[in-house]
file structure.txt (compact mmCIF, C-alpha atoms)
# COMPACT_ATOMS: atom_id res chain seq x y z
CA MET A 1 -28.26 84.79 -41.56
CA THR A 2 -25.09 86.35 -40.22
CA GLU A 3 -26.23 85.94 -36.62
CA LEU A 4 -27.07 82.28 -37.26
CA THR A 5 -23.63 81.69 -38.73
CA LYS A 6 -21.96 83.37 -35.79
CA SER A 7 -23.97 81.41 -33.24
CA THR A 8 -23.19 78.15 -35.03
CA ALA A 9 -19.50 78.98 -35.12
CA SER A 10 -19.45 79.97 -31.48
CA ALA A 11 -21.27 76.76 -30.53
CA GLY A 12 -18.82 74.71 -32.56
CA GLY A 13 -15.92 76.54 -30.96
CA ALA A 14 -17.31 75.88 -27.52
CA ASN A 15 -17.78 72.22 -28.21
CA ALA A 16 -14.38 71.70 -29.85
CA PRO A 17 -12.29 71.84 -26.67
CA ALA A 18 -14.78 69.56 -24.95
CA ASN A 19 -14.50 67.05 -27.78
CA ASP A 20 -10.71 67.30 -27.71
CA ALA A 21 -10.67 66.77 -23.97
CA LYS A 22 -13.01 63.82 -24.34
CA GLY A 23 -10.75 62.35 -27.00
CA GLU A 24 -7.69 62.76 -24.81
CA ALA A 25 -9.47 61.11 -21.88
CA GLU A 26 -10.32 57.94 -23.81
CA PRO A 27 -8.28 54.99 -22.47
CA ALA A 28 -5.99 53.03 -24.76
CA VAL A 29 -7.40 49.76 -26.07
CA ALA A 30 -5.65 46.80 -24.46
CA ARG A 31 -4.06 44.35 -26.88
CA VAL A 32 -5.36 40.81 -26.63
CA THR A 33 -3.02 38.13 -27.97
CA GLN A 34 -4.11 34.66 -29.00
CA TRP A 35 -2.29 33.02 -26.09
CA GLY A 36 -3.66 35.63 -23.72
CA GLU A 37 -7.18 34.74 -24.79
CA ILE A 38 -6.42 31.02 -24.40
CA ARG A 39 -5.05 31.62 -20.91
CA HIS A 40 -8.12 33.67 -19.96
CA ARG A 41 -10.50 30.97 -21.21
CA PHE A 42 -8.54 28.26 -19.42
CA LEU A 43 -8.51 30.11 -16.09
CA ALA A 44 -12.23 30.83 -16.42
CA ASN A 45 -12.87 27.08 -16.33
CA LYS A 46 -13.14 26.21 -12.63
CA LEU A 47 -12.56 22.49 -13.10
CA ALA A 48 -9.46 23.24 -15.16
CA VAL A 49 -8.10 25.40 -12.34
CA VAL A 50 -8.83 22.60 -9.85
CA GLY A 51 -7.03 20.14 -12.13
CA LEU A 52 -4.08 22.52 -12.47
CA ALA A 53 -3.89 22.76 -8.67
CA LEU A 54 -3.89 18.95 -8.35
CA VAL A 55 -1.20 18.59 -11.00
CA GLY A 56 0.86 21.34 -9.40
CA LEU A 57 0.56 19.61 -6.03
CA LEU A 58 1.69 16.33 -7.59
CA PHE A 59 4.78 18.01 -9.04
CA LEU A 60 5.64 19.64 -5.72
CA VAL A 61 5.26 16.33 -3.87
CA ALA A 62 7.44 14.56 -6.44
CA ILE A 63 10.16 17.22 -6.32
CA PHE A 64 10.28 17.57 -2.54
CA ALA A 65 9.61 13.90 -1.68
CA PRO A 66 12.77 13.56 0.47
CA LEU A 67 11.66 16.54 2.57
CA ILE A 68 8.01 15.44 2.87
CA ALA A 69 8.37 11.71 3.47
CA PRO A 70 8.78 10.95 7.21
CA ALA A 71 10.67 7.68 6.64
CA ASP A 72 12.77 5.77 4.14
CA PRO A 73 10.28 4.10 1.73
CA TYR A 74 12.58 1.07 1.40
CA HIS A 75 13.16 0.55 5.13
CA GLN A 76 11.64 -2.68 6.47
CA ASP A 77 10.61 -2.91 10.12
CA LEU A 78 9.43 -6.48 10.67
CA THR A 79 8.40 -5.65 14.24
CA ASN A 80 5.75 -3.20 12.98
CA THR A 81 4.14 -5.02 10.05
CA LEU A 82 0.55 -4.28 9.02
CA GLN A 83 0.26 -1.49 11.55
CA ALA A 84 -2.99 0.49 11.27
CA PRO A 85 -2.85 4.20 10.36
CA GLY A 86 -1.89 6.42 13.26
CA GLY A 87 1.02 7.35 15.47
CA SER A 88 4.36 7.65 13.69
CA HIS A 89 2.93 5.90 10.60
CA TRP A 90 0.18 8.19 9.36
CA LEU A 91 -1.13 5.75 6.75
CA GLY A 92 0.04 2.55 8.43
CA THR A 93 2.65 0.02 7.33
CA ASP A 94 2.60 -2.84 4.83
CA ALA A 95 3.39 -6.53 5.29
CA LEU A 96 7.12 -5.76 5.46
CA GLY A 97 6.78 -2.88 7.90
CA ARG A 98 7.42 -0.17 5.29
CA ASP A 99 5.79 3.22 5.85
CA GLN A 100 2.81 3.56 3.52
CA PHE A 101 2.77 7.37 3.50
CA SER A 102 6.43 7.57 2.47
CA ARG A 103 5.92 5.01 -0.29
CA ILE A 104 2.95 6.95 -1.67
CA ILE A 105 4.99 10.16 -1.63
CA TYR A 106 7.88 8.56 -3.51
CA GLY A 107 5.44 6.81 -5.84
CA SER A 108 4.49 10.23 -7.21
CA ARG A 109 7.97 10.46 -8.73
CA ILE A 110 7.48 7.29 -10.77
CA ALA A 111 4.05 8.51 -11.85
CA VAL A 112 5.36 11.90 -13.02
CA ILE A 113 8.41 10.49 -14.79
CA VAL A 114 6.58 7.70 -16.61
CA GLY A 115 3.48 9.77 -17.41
CA LEU A 116 5.28 12.79 -18.83
CA ALA A 117 8.14 10.95 -20.52
CA SER A 118 5.95 8.38 -22.28
CA ILE A 119 3.49 10.96 -23.57
CA PHE A 120 6.31 13.29 -24.66
CA LEU A 121 7.97 10.48 -26.61
CA ALA A 122 4.63 9.42 -28.11
CA CYS A 123 3.87 13.01 -29.16
CA LEU A 124 7.35 13.43 -30.65
CA ILE A 125 6.98 10.35 -32.84
CA GLY A 126 3.34 11.11 -33.64
CA VAL A 127 4.02 14.73 -34.63
CA ILE A 128 6.79 13.71 -37.02
CA VAL A 129 4.76 10.92 -38.64
CA GLY A 130 1.50 12.90 -38.72
CA SER A 131 3.19 15.95 -40.22
CA LEU A 132 4.77 13.96 -43.04
CA ALA A 133 1.57 12.01 -43.73
CA GLY A 134 -0.70 15.06 -43.68
CA TYR A 135 1.52 17.39 -45.69
CA PHE A 136 2.73 15.07 -48.44
CA GLY A 137 -0.37 12.85 -48.64
CA ARG A 138 -0.80 10.17 -51.31
CA ALA A 139 1.77 7.36 -51.11
CA THR A 140 3.53 8.81 -48.05
CA ASP A 141 0.22 9.12 -46.23
CA SER A 142 -0.85 5.59 -47.13
CA VAL A 143 2.41 3.95 -46.05
CA LEU A 144 2.68 5.83 -42.74
CA MET A 145 -0.95 5.32 -41.81
CA ARG A 146 -0.75 1.60 -42.56
CA ILE A 147 2.22 1.39 -40.19
CA ALA A 148 0.14 3.22 -37.58
CA ASP A 149 -2.69 0.73 -38.14
CA VAL A 150 -0.32 -2.13 -37.24
CA PHE A 151 0.31 -0.55 -33.84
CA PHE A 152 -3.39 0.19 -33.44
CA ALA A 153 -4.08 -3.52 -33.76
CA PHE A 154 -2.27 -4.28 -30.50
CA PRO A 155 -4.02 -3.59 -27.18
CA LEU A 156 -1.89 -1.17 -25.17
CA LEU A 157 -1.24 -3.38 -22.14
CA ILE A 158 -0.59 -6.55 -24.14
CA GLY A 159 1.81 -4.79 -26.48
CA ALA A 160 3.56 -3.12 -23.54
CA ILE A 161 3.95 -6.47 -21.77
CA VAL A 162 5.60 -7.96 -24.87
CA ILE A 163 8.14 -5.12 -25.08
CA ILE A 164 8.89 -5.26 -21.33
CA ILE A 165 9.43 -9.02 -21.48
CA VAL A 166 11.98 -8.45 -24.27
CA MET A 167 13.71 -5.44 -22.66
CA GLY A 168 13.34 -6.37 -19.00
CA ARG A 169 11.57 -4.62 -16.12
CA GLY A 170 12.31 -1.03 -15.19
CA VAL A 171 11.20 2.56 -15.66
CA MET A 172 12.73 3.05 -19.11
CA PRO A 173 11.19 -0.12 -20.66
CA VAL A 174 7.79 0.98 -19.32
CA ILE A 175 8.20 4.46 -20.86
CA ILE A 176 9.24 3.05 -24.23
CA SER A 177 6.50 0.42 -24.29
CA LEU A 178 3.76 2.96 -23.53
CA ALA A 179 5.10 5.44 -26.09
CA VAL A 180 5.38 2.83 -28.85
CA PHE A 181 1.68 2.03 -28.64
CA SER A 182 0.46 5.61 -28.06
CA TRP A 183 2.00 7.57 -30.95
CA PRO A 184 -0.48 6.36 -33.65
CA THR A 185 -3.31 8.31 -32.01
CA VAL A 186 -1.18 11.48 -32.02
CA SER A 187 -0.22 11.00 -35.65
CA ARG A 188 -3.84 10.60 -36.73
CA LEU A 189 -4.96 13.66 -34.77
CA LEU A 190 -2.26 15.81 -36.31
CA ARG A 191 -2.75 14.38 -39.79
CA SER A 192 -6.46 15.25 -39.78
CA SER A 193 -5.69 18.83 -38.72
CA ILE A 194 -2.93 19.25 -41.30
CA LEU A 195 -5.17 18.05 -44.14
CA SER A 196 -7.27 21.20 -43.65
CA VAL A 197 -4.45 23.58 -42.73
CA ARG A 198 -2.18 22.74 -45.68
CA GLU A 199 -4.64 24.33 -48.12
CA ALA A 200 -4.75 27.64 -46.24
CA ASP A 201 -3.76 30.84 -48.05
CA TYR A 202 -0.74 31.50 -45.85
CA VAL A 203 0.69 28.08 -46.70
CA HIS A 204 0.29 28.74 -50.43
CA ALA A 205 1.86 32.17 -49.95
CA ALA A 206 4.87 30.70 -48.14
CA ARG A 207 5.28 28.09 -50.87
CA ALA A 208 5.05 30.78 -53.57
CA LEU A 209 7.75 32.81 -51.82
CA GLY A 210 10.11 29.85 -52.06
CA ALA A 211 9.97 28.57 -48.47
CA SER A 212 11.34 25.07 -48.06
CA THR A 213 9.13 22.15 -47.15
CA SER A 214 10.70 21.80 -43.71
CA ARG A 215 10.20 25.52 -42.99
CA ILE A 216 6.55 25.39 -44.06
CA ILE A 217 5.90 22.37 -41.85
CA VAL A 218 7.74 23.73 -38.80
CA ARG A 219 6.73 27.40 -39.03
CA HIS A 220 3.22 27.22 -40.49
CA ILE A 221 1.69 23.74 -40.52
CA ILE A 222 2.51 22.36 -37.05
CA PRO A 223 1.84 25.55 -34.99
CA ASN A 224 -1.64 25.85 -36.51
CA SER A 225 -2.47 22.16 -36.09
CA ILE A 226 -1.02 21.30 -32.70
CA ALA A 227 -4.01 22.28 -30.53
CA ALA A 228 -5.62 18.83 -30.64
CA VAL A 229 -2.31 17.17 -29.78
CA MET A 230 -1.81 19.45 -26.75
CA ALA A 231 -5.24 18.54 -25.38
CA TYR A 232 -4.60 14.85 -26.08
CA ALA A 233 -1.27 14.98 -24.27
CA ALA A 234 -2.79 16.53 -21.15
CA PHE A 235 -5.63 14.00 -21.13
CA ASN A 236 -3.42 10.98 -21.63
CA VAL A 237 -0.72 11.67 -19.06
CA GLY A 238 -3.27 10.36 -16.59
CA GLY A 239 -3.94 7.38 -18.85
CA ALA A 240 -0.22 6.61 -19.00
CA ILE A 241 -0.01 6.73 -15.20
CA VAL A 242 -2.90 4.25 -14.94
CA ALA A 243 -1.28 1.99 -17.56
CA GLU A 244 2.04 2.08 -15.70
CA ALA A 245 0.32 1.23 -12.40
CA SER A 246 -1.54 -1.60 -14.16
CA LEU A 247 1.71 -3.06 -15.51
CA SER A 248 3.25 -2.97 -12.04
CA PHE A 249 0.11 -4.52 -10.55
CA LEU A 250 0.39 -7.36 -13.07
CA GLY A 251 4.03 -7.87 -12.10
CA VAL A 252 5.68 -6.64 -15.32
CA GLY A 253 6.28 -2.97 -14.52
CA VAL A 254 8.96 -1.52 -12.28
CA SER A 255 10.70 -3.73 -9.72
CA PRO A 256 8.38 -4.87 -6.89
CA GLU A 257 10.50 -3.26 -4.16
CA THR A 258 10.22 0.16 -5.85
CA PRO A 259 7.80 2.55 -4.09
CA GLU A 260 5.16 2.77 -6.80
CA TRP A 261 1.36 2.88 -6.60
CA GLY A 262 0.77 -0.21 -8.73
CA ASN A 263 3.23 -2.22 -6.66
CA MET A 264 1.45 -1.09 -3.50
CA LEU A 265 -1.90 -2.27 -4.88
CA ALA A 266 -0.38 -5.60 -5.88
CA ALA A 267 0.98 -6.09 -2.36
CA ALA A 268 -2.41 -5.16 -0.87
CA LYS A 269 -4.58 -7.55 -2.89
CA ASP A 270 -4.10 -10.37 -0.35
CA PHE A 271 -5.40 -8.17 2.48
CA MET A 272 -8.57 -6.79 0.90
CA GLY A 273 -11.40 -6.84 3.39
CA VAL A 274 -8.92 -7.16 6.26
CA LYS A 275 -6.44 -4.29 5.91
CA ASP A 276 -8.26 -2.04 3.45
CA TYR A 277 -6.03 0.94 4.13
CA LEU A 278 -3.28 -0.84 2.18
CA TRP A 279 -5.12 -0.35 -1.12
CA THR A 280 -7.38 2.63 -0.30
CA TYR A 281 -4.71 5.33 -0.09
CA PRO A 282 -2.73 4.34 -3.22
CA SER A 283 -6.03 4.18 -5.10
CA ILE A 284 -6.95 7.70 -3.93
CA ALA A 285 -3.55 8.95 -5.11
CA ILE A 286 -4.12 7.46 -8.57
CA VAL A 287 -7.68 8.81 -8.83
CA LEU A 288 -6.73 12.35 -7.80
CA THR A 289 -3.76 12.39 -10.17
CA VAL A 290 -5.80 11.16 -13.14
CA LEU A 291 -8.62 13.59 -12.36
CA GLY A 292 -6.13 16.46 -12.27
CA PHE A 293 -4.76 15.70 -15.73
CA VAL A 294 -8.25 15.04 -17.14
CA PHE A 295 -9.51 18.40 -15.87
CA VAL A 296 -6.46 20.16 -17.32
CA GLY A 297 -6.93 18.41 -20.66
CA ASP A 298 -10.62 19.29 -20.72
CA GLY A 299 -9.78 22.93 -19.99
CA LEU A 300 -7.15 23.02 -22.72
CA ARG A 301 -9.54 21.50 -25.23
CA ASP A 302 -12.18 24.13 -24.50
CA ALA A 303 -9.64 26.96 -24.54
CA LEU A 304 -7.97 25.86 -27.77
CA ASP A 305 -11.08 24.91 -29.74
CA PRO A 306 -11.93 27.87 -32.01
CA LYS A 307 -15.56 26.72 -32.25
CA LEU A 308 -16.01 27.40 -28.53
CA ARG A 309 -14.61 30.94 -28.60

call {"tool": "encode", "arguments": {"input": "structure.txt", "output": "structure tokens"}}
result
Amino acid sequence: MTELTKSTASAGGANAPANDAKGEAEPAVARVTQWGEIRHRFLANKLAVVGLALVGLLFLVAIFAPLIAPADPYHQDLTNTLQAPGGSHWLGTDALGRDQFSRIIYGSRIAVIVGLASIFLACLIGVIVGSLAGYFGRATDSVLMRIADVFFAFPLLIGAIVIIIVMGRGVMPVIISLAVFSWPTVSRLLRSSILSVREADYVHAARALGASTSRIIVRHIIPNSIAAVMAYAAFNVGGAIVAEASLSFLGVGVSPETPEWGNMLAAAKDFMGVKDYLWTYPSIAIVLTVLGFVFVGDGLRDALDPKLR
């Protein structure tokens, strides 16, 4: 009995340092934050990374357009009109002798400004309206959602044309017109999320502790309901760019002399089947830009959706 006790003790003593050493050798557990997990899921999506690369390229082209463009996009050379791609004009010239490549490069600036600004303004209005409607509910919800329904009744392009006719052509009227008819979708997305979030325990706890309504909405409600709006914004920047190009193509967007993709397509419609390069390259620019934002939006949706984690 004594020998057994001694052997057990000696065995335990021999194993103790080994266990201590093993415990000391264990690596520290890395902390994983919510945004870190979202970033990891987003970067694991190959199409999202491709879209991010396309969007990043668009921003670089827009920022450094004066350094990239080989010619003045407004310069008219009537001795070199409708010149085929090649030589000093990589993508050819239009009916007024303007360099197509330079106009496409500068057109990226209009696309970025209108796309981002219109969606930002739409999200700003939609977040405010959706937050008030979802949090307060009842009469406030009914009134605000009926106002949203009025804007839903107007087709985007038709409503935008009406506003531009009243305000006049230009970049700012296009931004405002697109935002005015885009915010109802944002408000409804946020409202539906808030209707479920507002009954969460942490919201009741904040209310019980005496937090003001504005603090509850800003610090608790919106941050936990904004995921759908972020994905919508990324998706619809591309949609806003297409809408802006459509307005210019119809002759109610930015001024016709402005280097903009819709204006280039409008100028090329009389030469389809004859000088196809006039509409092919602006169309490719629009398609690649829209695909980039769609891929980014799709990646954000998958990364932010808790059901897919």

call {"tool": "closest_residue", "arguments": {"input": "structure.txt", "among": "A:Ser248, A:Val294, A:Phe64, A:Val242", "to": "Arg169 of chain A", "atoms": "all atoms listed in the file"}}
result
A:Ser248

call {"tool": "atom_distance", "arguments": {"input": "structure.txt", "atom1": "atom CA of Asp302 of chain A", "atom2": "atom CA of Ser225 of chain A"}}
result
15.2 Å

call {"tool": "atom_distance", "arguments": {"input": "structure.txt", "atom1": "atom CA of Leu247 of chain A", "atom2": "atom CA of Ile165 of chain A"}}
result
11.4 Å

call {"tool": "residues_around", "arguments": {"input": "structure.txt", "residues": "Ala231 of chain A", "least_positions_apart": "3", "cutoff": "10 Å", "atoms": "all atoms listed in the file", "output": "PyMOL selection string"}}
result
chain A and resi 226-228+234-236+294+296-305

call {"tool": "write_last_selection", "arguments": {"input": "structure.txt", "atoms": "C-alpha atoms", "output": "mmCIF file, keeping the file's coordinate frame"}}
result
data_model
loop_
_atom_site.group_PDB
_atom_site.id
_atom_site.type_symbol
_atom_site.label_atom_id
_atom_site.label_comp_id
_atom_site.auth_asym_id
_atom_site.auth_seq_id
_atom_site.Cartn_x
_atom_site.Cartn_y
_atom_site.Cartn_z
ATOM 1 C CA ILE A 226 -1.020 21.300 -32.700
ATOM 2 C CA ALA A 227 -4.010 22.280 -30.530
ATOM 3 C CA ALA A 228 -5.620 18.830 -30.640
ATOM 4 C CA ALA A 234 -2.790 16.530 -21.150
ATOM 5 C CA PHE A 235 -5.630 14.000 -21.130
ATOM 6 C CA ASN A 236 -3.420 10.980 -21.630
ATOM 7 C CA VAL A 294 -8.250 15.040 -17.140
ATOM 8 C CA VAL A 296 -6.460 20.160 -17.320
ATOM 9 C CA GLY A 297 -6.930 18.410 -20.660
ATOM 10 C CA ASP A 298 -10.620 19.290 -20.720
ATOM 11 C CA GLY A 299 -9.780 22.930 -19.990
ATOM 12 C CA LEU A 300 -7.150 23.020 -22.720
ATOM 13 C CA ARG A 301 -9.540 21.500 -25.230
ATOM 14 C CA ASP A 302 -12.180 24.130 -24.500
ATOM 15 C CA ALA A 303 -9.640 26.960 -24.540
ATOM 16 C CA LEU A 304 -7.970 25.860 -27.770
ATOM 17 C CA ASP A 305 -11.080 24.910 -29.740
#

call {"tool": "atom_distance", "arguments": {"input": "structure.txt", "atom1": "atom CA of Ala200 of chain A", "atom2": "atom CA of Arg138 of chain A"}}
result
18.6 Å

call {"tool": "residues_around", "arguments": {"input": "structure.txt", "residues": "Ile161 of chain A", "least_positions_apart": "3", "cutoff": "9 Å", "atoms": "all atoms listed in the file", "output": "JSON, numbers by chain"}}
result
{"A": [156, 157, 158, 164, 165, 166, 174, 177, 247, 252, 253]}

call {"tool": "residues_near_point", "arguments": {"input": "structure.txt", "point": "(8.4, -3.0, 10.3)", "cutoff": "9 Å", "atoms": "only C-alpha atoms", "output": "CSV table (one decimal) with C-alpha atoms, in the frame of the given file"}}
result
chain,number,residue,atom,x,y,z
A,75,HIS,CA,13.2,0.6,5.1
A,76,GLN,CA,11.6,-2.7,6.5
A,77,ASP,CA,10.6,-2.9,10.1
A,78,LEU,CA,9.4,-6.5,10.7
A,79,THR,CA,8.4,-5.6,14.2
A,80,ASN,CA,5.8,-3.2,13.0
A,81,THR,CA,4.1,-5.0,10.0
A,82,LEU,CA,0.6,-4.3,9.0
A,83,GLN,CA,0.3,-1.5,11.6
A,93,THR,CA,2.6,0.0,7.3
A,94,ASP,CA,2.6,-2.8,4.8
A,95,ALA,CA,3.4,-6.5,5.3
A,96,LEU,CA,7.1,-5.8,5.5
A,97,GLY,CA,6.8,-2.9,7.9
A,98,ARG,CA,7.4,-0.2,5.3
A,99,ASP,CA,5.8,3.2,5.8

call {"tool": "residues_around", "arguments": {"input": "structure.txt", "residues": "segment 139-142 of chain A", "least_positions_apart": "3", "cutoff": "12 Å", "atoms": "only C-alpha atoms", "output": "PyMOL selection string"}}
result
chain A and resi 129-136+145-149+187-188+191-192+194-195

call {"tool": "residues_near_point", "arguments": {"input": "structure.txt", "point": "(2.0, 4.8, -8.7)", "cutoff": "9 Å", "atoms": "all atoms listed in the file", "output": "number ranges by chain"}}
result
A: 104, 106-112, 241-242, 244-245, 248, 259-265, 282-283, 285-286

call {"tool": "closest_residue", "arguments": {"input": "structure.txt", "among": "A:Thr258, A:Ser118, A:Ser102, A:Ser214", "to": "Ala179 of chain A", "atoms": "all atoms listed in the file"}}
result
A:Ser118

call {"tool": "closest_residue", "arguments": {"input": "structure.txt", "among": "A:Gly137, A:Gly115, A:Pro184, A:Gly92", "to": "Val150 of chain A", "atoms": "all atoms listed in the file"}}
result
A:Pro184

call {"tool": "decode", "arguments": {"input": "structure.txt", "residues": "segment 277-286 of chain A", "atoms": "all heavy atoms", "output": "mmCIF file, in the first residue's frame"}}
result
data_model
loop_
_atom_site.group_PDB
_atom_site.id
_atom_site.type_symbol
_atom_site.label_atom_id
_atom_site.label_comp_id
_atom_site.auth_asym_id
_atom_site.auth_seq_id
_atom_site.Cartn_x
_atom_site.Cartn_y
_atom_site.Cartn_z
ATOM 1 N N TYR A 277 -17.237 51.020 -83.046
ATOM 2 C CA TYR A 277 -16.344 51.310 -81.932
ATOM 3 C C TYR A 277 -16.834 52.508 -81.119
ATOM 4 O O TYR A 277 -16.476 52.678 -79.955
ATOM 5 C CB TYR A 277 -14.918 51.574 -82.438
ATOM 6 C CG TYR A 277 -14.757 52.844 -83.250
ATOM 7 C CD1 TYR A 277 -14.483 54.059 -82.621
ATOM 8 C CD2 TYR A 277 -14.880 52.834 -84.634
ATOM 9 C CE1 TYR A 277 -14.343 55.222 -83.364
ATOM 10 C CE2 TYR A 277 -14.746 53.995 -85.368
ATOM 11 C CZ TYR A 277 -14.472 55.189 -84.737
ATOM 12 O OH TYR A 277 -14.335 56.338 -85.467
ATOM 13 N N LEU A 278 -17.669 53.352 -81.731
ATOM 14 C CA LEU A 278 -18.164 54.536 -81.031
ATOM 15 C C LEU A 278 -19.054 54.164 -79.846
ATOM 16 O O LEU A 278 -19.076 54.882 -78.837
ATOM 17 C CB LEU A 278 -18.934 55.436 -82.000
ATOM 18 C CG LEU A 278 -18.107 56.147 -83.078
ATOM 19 C CD1 LEU A 278 -19.018 56.900 -84.031
ATOM 20 C CD2 LEU A 278 -17.091 57.092 -82.440
ATOM 21 N N TRP A 279 -19.805 53.068 -79.966
ATOM 22 C CA TRP A 279 -20.676 52.669 -78.856
ATOM 23 C C TRP A 279 -20.138 51.453 -78.099
ATOM 24 O O TRP A 279 -20.528 51.218 -76.943
ATOM 25 C CB TRP A 279 -22.085 52.350 -79.363
ATOM 26 C CG TRP A 279 -22.183 51.198 -80.325
ATOM 27 C CD1 TRP A 279 -22.149 51.254 -81.681
ATOM 28 C CD2 TRP A 279 -22.313 49.809 -79.998
ATOM 29 N NE1 TRP A 279 -22.249 50.002 -82.234
ATOM 30 C CE2 TRP A 279 -22.361 49.084 -81.214
ATOM 31 C CE3 TRP A 279 -22.400 49.103 -78.812
ATOM 32 C CZ2 TRP A 279 -22.480 47.700 -81.267
ATOM 33 C CZ3 TRP A 279 -22.520 47.715 -78.849
ATOM 34 C CH2 TRP A 279 -22.561 47.035 -80.075
ATOM 35 N N THR A 280 -19.236 50.686 -78.698
ATOM 36 C CA THR A 280 -18.749 49.469 -78.046
ATOM 37 C C THR A 280 -17.962 49.775 -76.777
ATOM 38 O O THR A 280 -18.226 49.203 -75.706
ATOM 39 C CB THR A 280 -17.862 48.664 -79.015
ATOM 40 O OG1 THR A 280 -18.626 48.306 -80.165
ATOM 41 C CG2 THR A 280 -17.342 47.407 -78.336
ATOM 42 N N TYR A 281 -17.014 50.701 -76.858
ATOM 43 C CA TYR A 281 -16.131 50.949 -75.714
ATOM 44 C C TYR A 281 -16.843 51.645 -74.549
ATOM 45 O O TYR A 281 -16.631 51.265 -73.386
ATOM 46 C CB TYR A 281 -14.906 51.740 -76.171
ATOM 47 C CG TYR A 281 -14.051 50.974 -77.161
ATOM 48 C CD1 TYR A 281 -13.884 51.426 -78.469
ATOM 49 C CD2 TYR A 281 -13.436 49.775 -76.794
ATOM 50 C CE1 TYR A 281 -13.112 50.712 -79.375
ATOM 51 C CE2 TYR A 281 -12.663 49.066 -77.706
ATOM 52 C CZ TYR A 281 -12.507 49.526 -78.986
ATOM 53 O OH TYR A 281 -11.751 48.820 -79.879
ATOM 54 N N PRO A 282 -17.702 52.637 -74.790
ATOM 55 C CA PRO A 282 -18.474 53.173 -73.656
ATOM 56 C C PRO A 282 -19.381 52.124 -73.015
ATOM 57 O O PRO A 282 -19.551 52.113 -71.787
ATOM 58 C CB PRO A 282 -19.296 54.303 -74.287
ATOM 59 C CG PRO A 282 -18.544 54.682 -75.508
ATOM 60 C CD PRO A 282 -17.923 53.424 -76.016
ATOM 61 N N SER A 283 -19.942 51.235 -73.835
ATOM 62 C CA SER A 283 -20.789 50.176 -73.289
ATOM 63 C C SER A 283 -19.987 49.231 -72.408
ATOM 64 O O SER A 283 -20.449 48.807 -71.336
ATOM 65 C CB SER A 283 -21.451 49.390 -74.428
ATOM 66 O OG SER A 283 -22.258 50.226 -75.229
ATOM 67 N N ILE A 284 -18.775 48.887 -72.838
ATOM 68 C CA ILE A 284 -17.908 48.015 -72.027
ATOM 69 C C ILE A 284 -17.579 48.691 -70.699
ATOM 70 O O ILE A 284 -17.571 48.043 -69.641
ATOM 71 C CB ILE A 284 -16.627 47.675 -72.810
ATOM 72 C CG1 ILE A 284 -16.950 46.764 -73.990
ATOM 73 C CG2 ILE A 284 -15.595 47.002 -71.894
ATOM 74 C CD1 ILE A 284 -15.763 46.481 -74.900
ATOM 75 N N ALA A 285 -17.321 49.994 -70.724
ATOM 76 C CA ALA A 285 -17.025 50.722 -69.486
ATOM 77 C C ALA A 285 -18.208 50.660 -68.519
ATOM 78 O O ALA A 285 -18.026 50.438 -67.311
ATOM 79 C CB ALA A 285 -16.679 52.174 -69.816
ATOM 80 N N ILE A 286 -19.419 50.836 -69.041
ATOM 81 C CA ILE A 286 -20.611 50.767 -68.190
ATOM 82 C C ILE A 286 -20.790 49.362 -67.620
ATOM 83 O O ILE A 286 -21.048 49.186 -66.420
ATOM 84 C CB ILE A 286 -21.857 51.200 -68.979
ATOM 85 C CG1 ILE A 286 -21.768 52.672 -69.359
ATOM 86 C CG2 ILE A 286 -23.129 50.951 -68.164
ATOM 87 C CD1 ILE A 286 -22.889 53.149 -70.269
#
